[in-house]
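The structure appears below as structure tokens.
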Amino acid sequence: MAEDNNTLPPRGDTLLTLVQSDALEAQVVALQDNINPGNSRAYRTRNAHHREATENAVRYIKNQFRRSPRLQISEQVFGGIRNVTAVLPPRLGSTSNRIFIVCAHYDTQAMREPNWNPLVSTAPGANDNGTGVAAMLEIANFLSRYEYDHELRFIALGGEELGFLGSRNYVQSVLNPVEPDDKTDTVPTRDNIVSVFNLDMFGFNWKSDLVEIVANNDSAWISRALIIANGWYGVGLKIRRTQDEFIDISSHKPFWDNGYNAVTLTESSTPWRDSQNYDANPFYHTAADTADKVNFGLVRKVTQLVLVTIDSLLTDMFNPTRQIPQVTLELPPTTQESELTINGTFHSDFPIDIVVHPSQTEAVLHRDTQTYTAKVPLKTGENTLRVIARYPLGAVSVAQSVILTQAFAWTDVVVFPNPARSGGLTEFRVEANTEITEMHILIYDAHGNLIKRIEGVADRLNQTIWRTWWNQQTSYGLAVSPGIYVCHISVVSKGETFTYLEKLAILR
């Protein structure tokens, strides 16, 4: 029985617990080995040119979709390329024509192997793209337990390694023209596909739990939805957001080319080279792309992220009765704290994040109490803070001012060079947030003896900057010995004295 969303509390946290690394690994191993149940032959490939292996993989994917009797399964065949689609129809009585898609290509290749032959060589494709297909199959199984107002399609795409043939042909199939009654002309129609989540190779990273989200400008709201869900549910992924209209590494591109919003989740848009938090994947498009190289903890987190994001979008974002979030900000009129901890409340039934401007500080959300905290830097005088609560399709904000009454603050203190060589010259430079009228330097040796007094001079153009120099001699003109010296720096501003201590090391 499908459960009614309207009688359930928000269920994202429950959905997270359903995703298990062992189940994902079992799916990947089954796809990798691609064993024919009739003769126990392990094809160890799913290359589109290998018809028997492709037929066996398609049979396996259909059987996995059949775990849910609510999914309507069909197949699209064109020139030997086969797509498998499982549709979760909208709830009875829904008037929505919106369609959401989760897709992943199942075909493989090992072109980086010398003398690789698609008809006789292996291309197990555990990571590329067993991980994406496994995640899609598990997400289909979990989401098909519920009813939504919108249609949800799961598509196993063939021919991706042959120039995205699966997605190209699928997109063309949803742009079919229809003939009007008078048959004088054709009227192009298109399915109302709202968003596409393309899952393609995200399991090889033992350095960090990183996933890259590739989007174009029109699809930026989908990547924002994923980023917000990652923080809201504490999934724990590092997310690299790449927004570039020309990235054509995967099956999202044909959707972009025809005006549909789509993102690809992948371990790296350039898996053949190192990047931040990612080491190049040496097994990419080789016969060594096997399940033992896959970080299934990472695969589980990516699966969880897509699962809860889609559920939230279908349940909340595109619900005509949803309420926009509310946010408050509580500030004192004045403060002497240059780093102020602010507090506020929010009300939202769906994932949001909160950012404080102008510092762009991300707030910590406490979902149980619907409160948030953030530590933000202030400048002397009036500070206008704007708290922005962002959700995938928009944002709300509230602004309030606070005055930092701090009379004096060190902006910069420089003792250079430090450590210094004997016989050199040491510069002392200070800068404050207000004008300085005096500067004094007292130099003490390691025993606490005062050995030198130095007066500073103001910068000719800026009275908030003062400097002076020390030739590493005592008041009697004797060169000091190598060692550690304590520099007592004091300035006078508006009649008050402020001090700063700095250690200086002098080497031979």
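Just so we're on the same page: first chain in the structure tokens is A, next is B, and so on; residues restart at 1 for each chain, and ligands are numbered from 1 in the order they show up.
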For this session: Please identify all polymer residues within 10 Å of Phe346 in chain A, counting only C-alpha atoms, omitting same-chain residues fewer than 2 positions from it, and present them as number ranges by chain.
Result: A: 325-329, 344, 348, 352, 354, 365-367, 369-372, 389
Within 8 Å of range 205-222 of chain A, counting only C-alpha atoms, which residues qualify if same-chain residues fewer than 4 places away don't, as a PDB file with C-alpha atoms, in the first residue's frame?
```pdb
ATOM      1  CA  SER A 195      14.136  18.379 -13.417  1.00  0.00           C
ATOM      2  CA  LEU A 226      20.953  19.326  -3.285  1.00  0.00           C
ATOM      3  CA  GLY A 236      27.991  14.869   5.264  1.00  0.00           C
ATOM      4  CA  LEU A 237      29.100  15.231   1.657  1.00  0.00           C
ATOM      5  CA  LYS A 238      31.610  17.733   0.368  1.00  0.00           C
ATOM      6  CA  ILE A 239      29.898  19.305  -2.625  1.00  0.00           C
ATOM      7  CA  ARG A 240      31.708  20.889  -5.548  1.00  0.00           C
ATOM      8  CA  ARG A 241      29.268  22.935  -7.583  1.00  0.00           C
ATOM      9  CA  THR A 242      30.220  23.412 -11.246  1.00  0.00           C
ATOM     10  CA  GLN A 243      28.009  25.680 -13.328  1.00  0.00           C
ATOM     11  CA  ASP A 244      29.032  25.618 -16.976  1.00  0.00           C
ATOM     12  CA  GLU A 245      26.802  25.544 -20.047  1.00  0.00           C
ATOM     13  CA  ILE A 247      30.232  20.623 -19.970  1.00  0.00           C
ATOM     14  CA  TRP A 256      20.156  20.874 -21.738  1.00  0.00           C
ATOM     15  CA  ASN A 261      16.737  21.424 -16.459  1.00  0.00           C
ATOM     16  CA  ALA A 262      19.225  18.683 -15.552  1.00  0.00           C
ATOM     17  CA  VAL A 263      22.197  18.071 -13.285  1.00  0.00           C
ATOM     18  CA  THR A 264      24.792  15.328 -13.178  1.00  0.00           C
ATOM     19  CA  LEU A 265      26.198  14.038  -9.906  1.00  0.00           C
ATOM     20  CA  THR A 266      29.680  12.591 -10.383  1.00  0.00           C
ATOM     21  CA  GLU A 267      32.931  12.082  -8.493  1.00  0.00           C
ATOM     22  CA  SER A 268      34.694  14.522 -10.823  1.00  0.00           C
ATOM     23  CA  SER A 269      33.932  16.126 -14.161  1.00  0.00           C
ATOM     24  CA  ASN A 277      39.967  16.672  -2.549  1.00  0.00           C
ATOM     25  CA  TYR A 278      40.226  14.202  -5.448  1.00  0.00           C
ATOM     26  CA  ASP A 279      42.991  11.996  -6.820  1.00  0.00           C
ATOM     27  CA  VAL A 294      34.531   1.594  -4.879  1.00  0.00           C
ATOM     28  CA  ASN A 295      33.973   3.562  -1.678  1.00  0.00           C
ATOM     29  CA  LEU A 298      30.440   7.583  -0.438  1.00  0.00           C
ATOM     30  CA  VAL A 302      25.175  10.360  -2.649  1.00  0.00           C
ATOM     31  CA  PRO A 392      15.495  25.831  -3.911  1.00  0.00           C
ATOM     32  CA  LEU A 393      13.005  28.134  -5.592  1.00  0.00           C
TER      33      LEU A 393
END
```
For this session: Write out as a ChimeraX atom specification the residues lying within 8 Å of Gly159 in chain A, counting only C-alpha atoms and excluding same-chain residues fewer than 6 positions away.
Result: /A:48,81-82,105,107,165-166
Exercise. Any idea what the distance is between CA of Trp410 in chain A and CA of Glu431 in chain A?
Worked result: 6.2 Å
Exercise. What is the distance between CA of Ala23 in chain A and CA of Leu88 in chain A, in Å to one decimal?
Worked result: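 CA of Leu88 in chain A lies at a distance of 21.7 Å from CA of Ala23 in chain A.
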Exercise. So which bits of range 255-387 of chain A end up strand (DSSP E) when you DSSP the backbone, as number ranges by chain?
Worked result: A: 262-266, 326-327, 334-335, 339-347, 353-357, 361-362, 364-366, 371-377, 381-387
Write out the residues from the selection above, keeping N, CA and C atoms, as a CSV table (one decimal), in the first residue's frame.
```csv
chain,number,residue,atom,x,y,z
A,262,ALA,N,18.6,20.0,-15.9
A,262,ALA,CA,19.2,18.7,-15.6
A,262,ALA,C,20.5,18.9,-14.8
A,263,VAL,N,20.9,18.1,-13.9
A,263,VAL,CA,22.2,18.1,-13.3
A,263,VAL,C,22.8,16.7,-13.3
A,264,THR,N,24.1,16.6,-13.3
A,264,THR,CA,24.8,15.3,-13.2
A,264,THR,C,25.5,15.3,-11.9
A,265,LEU,N,25.4,14.2,-11.1
A,265,LEU,CA,26.2,14.0,-9.9
A,265,LEU,C,27.3,13.0,-10.2
A,266,THR,N,28.5,13.4,-10.0
A,266,THR,CA,29.7,12.6,-10.4
A,266,THR,C,30.8,12.8,-9.4
A,326,GLN,N,9.8,31.4,7.2
A,326,GLN,CA,9.8,32.6,8.0
A,326,GLN,C,11.1,32.6,8.8
A,327,VAL,N,11.7,33.8,8.9
A,327,VAL,CA,12.9,33.9,9.7
A,327,VAL,C,12.9,35.2,10.5
A,334,THR,N,23.4,47.8,20.6
A,334,THR,CA,24.9,48.1,20.6
A,334,THR,C,25.6,46.9,21.2
A,335,THR,N,26.9,46.8,20.8
A,335,THR,CA,27.8,45.7,21.3
A,335,THR,C,29.2,46.2,21.3
A,339,GLU,N,33.3,40.2,17.1
A,339,GLU,CA,32.7,39.0,16.6
A,339,GLU,C,31.5,38.7,17.4
A,340,LEU,N,30.3,38.9,16.8
A,340,LEU,CA,29.1,38.8,17.6
A,340,LEU,C,28.4,37.5,17.2
A,341,THR,N,27.9,36.8,18.3
A,341,THR,CA,27.1,35.7,18.1
A,341,THR,C,25.7,36.1,18.0
A,342,ILE,N,25.0,35.8,16.9
A,342,ILE,CA,23.6,36.2,16.7
A,342,ILE,C,22.7,35.0,16.8
A,343,ASN,N,21.5,35.3,17.1
A,343,ASN,CA,20.5,34.2,17.3
A,343,ASN,C,19.2,34.6,16.5
A,344,GLY,N,18.4,33.6,16.2
A,344,GLY,CA,17.1,33.9,15.6
A,344,GLY,C,16.3,32.7,15.4
A,345,THR,N,15.1,32.8,14.9
A,345,THR,CA,14.3,31.7,14.7
A,345,THR,C,13.9,31.6,13.2
A,346,PHE,N,13.5,30.4,12.9
A,346,PHE,CA,12.9,30.2,11.5
A,346,PHE,C,11.8,29.2,11.6
A,347,HIS,N,10.9,29.2,10.6
A,347,HIS,CA,9.9,28.2,10.5
A,347,HIS,C,9.8,27.8,9.1
A,353,ASP,N,18.6,26.7,4.0
A,353,ASP,CA,19.8,27.1,4.7
A,353,ASP,C,19.7,28.6,5.0
A,354,ILE,N,20.5,29.1,5.9
A,354,ILE,CA,20.5,30.5,6.3
A,354,ILE,C,21.9,31.0,6.2
A,355,VAL,N,22.0,32.2,5.5
A,355,VAL,CA,23.3,32.8,5.3
A,355,VAL,C,23.2,34.3,5.8
A,356,VAL,N,24.2,34.8,6.5
A,356,VAL,CA,24.2,36.1,7.0
A,356,VAL,C,25.1,37.0,6.2
A,357,HIS,N,24.6,38.1,5.7
A,357,HIS,CA,25.4,39.0,4.9
A,357,HIS,C,25.6,40.3,5.7
A,361,THR,N,28.3,34.5,6.2
A,361,THR,CA,28.5,33.5,7.2
A,361,THR,C,27.3,32.5,7.2
A,362,GLU,N,27.6,31.2,7.1
A,362,GLU,CA,26.5,30.2,7.1
A,362,GLU,C,26.1,29.9,8.5
A,364,VAL,N,24.3,28.0,11.7
A,364,VAL,CA,24.0,26.6,12.2
A,364,VAL,C,22.6,26.5,12.6
A,365,LEU,N,21.9,25.6,11.9
A,365,LEU,CA,20.4,25.4,12.1
A,365,LEU,C,20.2,24.3,13.2
A,366,HIS,N,19.3,24.6,14.1
A,366,HIS,CA,18.8,23.6,15.1
A,366,HIS,C,17.4,23.3,14.7
A,371,THR,N,15.6,27.1,15.5
A,371,THR,CA,16.4,28.3,15.8
A,371,THR,C,17.7,28.2,15.1
A,372,TYR,N,18.5,29.3,15.0
A,372,TYR,CA,19.8,29.2,14.3
A,372,TYR,C,20.7,30.2,15.1
A,373,THR,N,22.0,29.9,14.9
A,373,THR,CA,23.1,30.8,15.5
A,373,THR,C,24.1,31.0,14.4
A,374,ALA,N,24.8,32.1,14.6
A,374,ALA,CA,25.9,32.4,13.7
A,374,ALA,C,26.9,33.4,14.4
A,375,LYS,N,28.2,33.3,14.1
A,375,LYS,CA,29.1,34.2,14.6
A,375,LYS,C,29.6,35.1,13.5
A,376,VAL,N,29.4,36.4,13.5
A,376,VAL,CA,29.6,37.3,12.4
A,376,VAL,C,30.6,38.4,12.8
A,377,PRO,N,31.5,38.8,11.9
A,377,PRO,CA,32.4,39.9,12.2
A,377,PRO,C,31.7,41.2,12.1
A,381,GLY,N,31.2,51.0,14.4
A,381,GLY,CA,30.1,51.8,14.0
A,381,GLY,C,28.8,51.0,13.6
A,382,GLU,N,28.0,51.5,12.8
A,382,GLU,CA,26.7,50.8,12.4
A,382,GLU,C,27.0,49.6,11.5
A,383,ASN,N,26.4,48.5,11.8
A,383,ASN,CA,26.5,47.3,11.0
A,383,ASN,C,25.0,46.9,10.6
A,384,THR,N,24.7,46.8,9.4
A,384,THR,CA,23.4,46.2,9.0
A,384,THR,C,23.6,44.8,8.5
A,385,LEU,N,23.0,43.9,9.3
A,385,LEU,CA,23.1,42.5,9.0
A,385,LEU,C,21.8,42.0,8.4
A,386,ARG,N,22.0,41.2,7.3
A,386,ARG,CA,20.8,40.7,6.6
A,386,ARG,C,20.9,39.2,6.6
A,387,VAL,N,19.8,38.6,7.2
A,387,VAL,CA,19.8,37.1,7.3
A,387,VAL,C,18.9,36.6,6.2
```
Exercise. Expressed in Å to a single decimal, how great is the separation between CA of Phe296 in chain A and CA of Phe202 in chain A?
Worked result: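 Computed distance, CA of Phe296 in chain A to CA of Phe202 in chain A, equals 9.6 Å.
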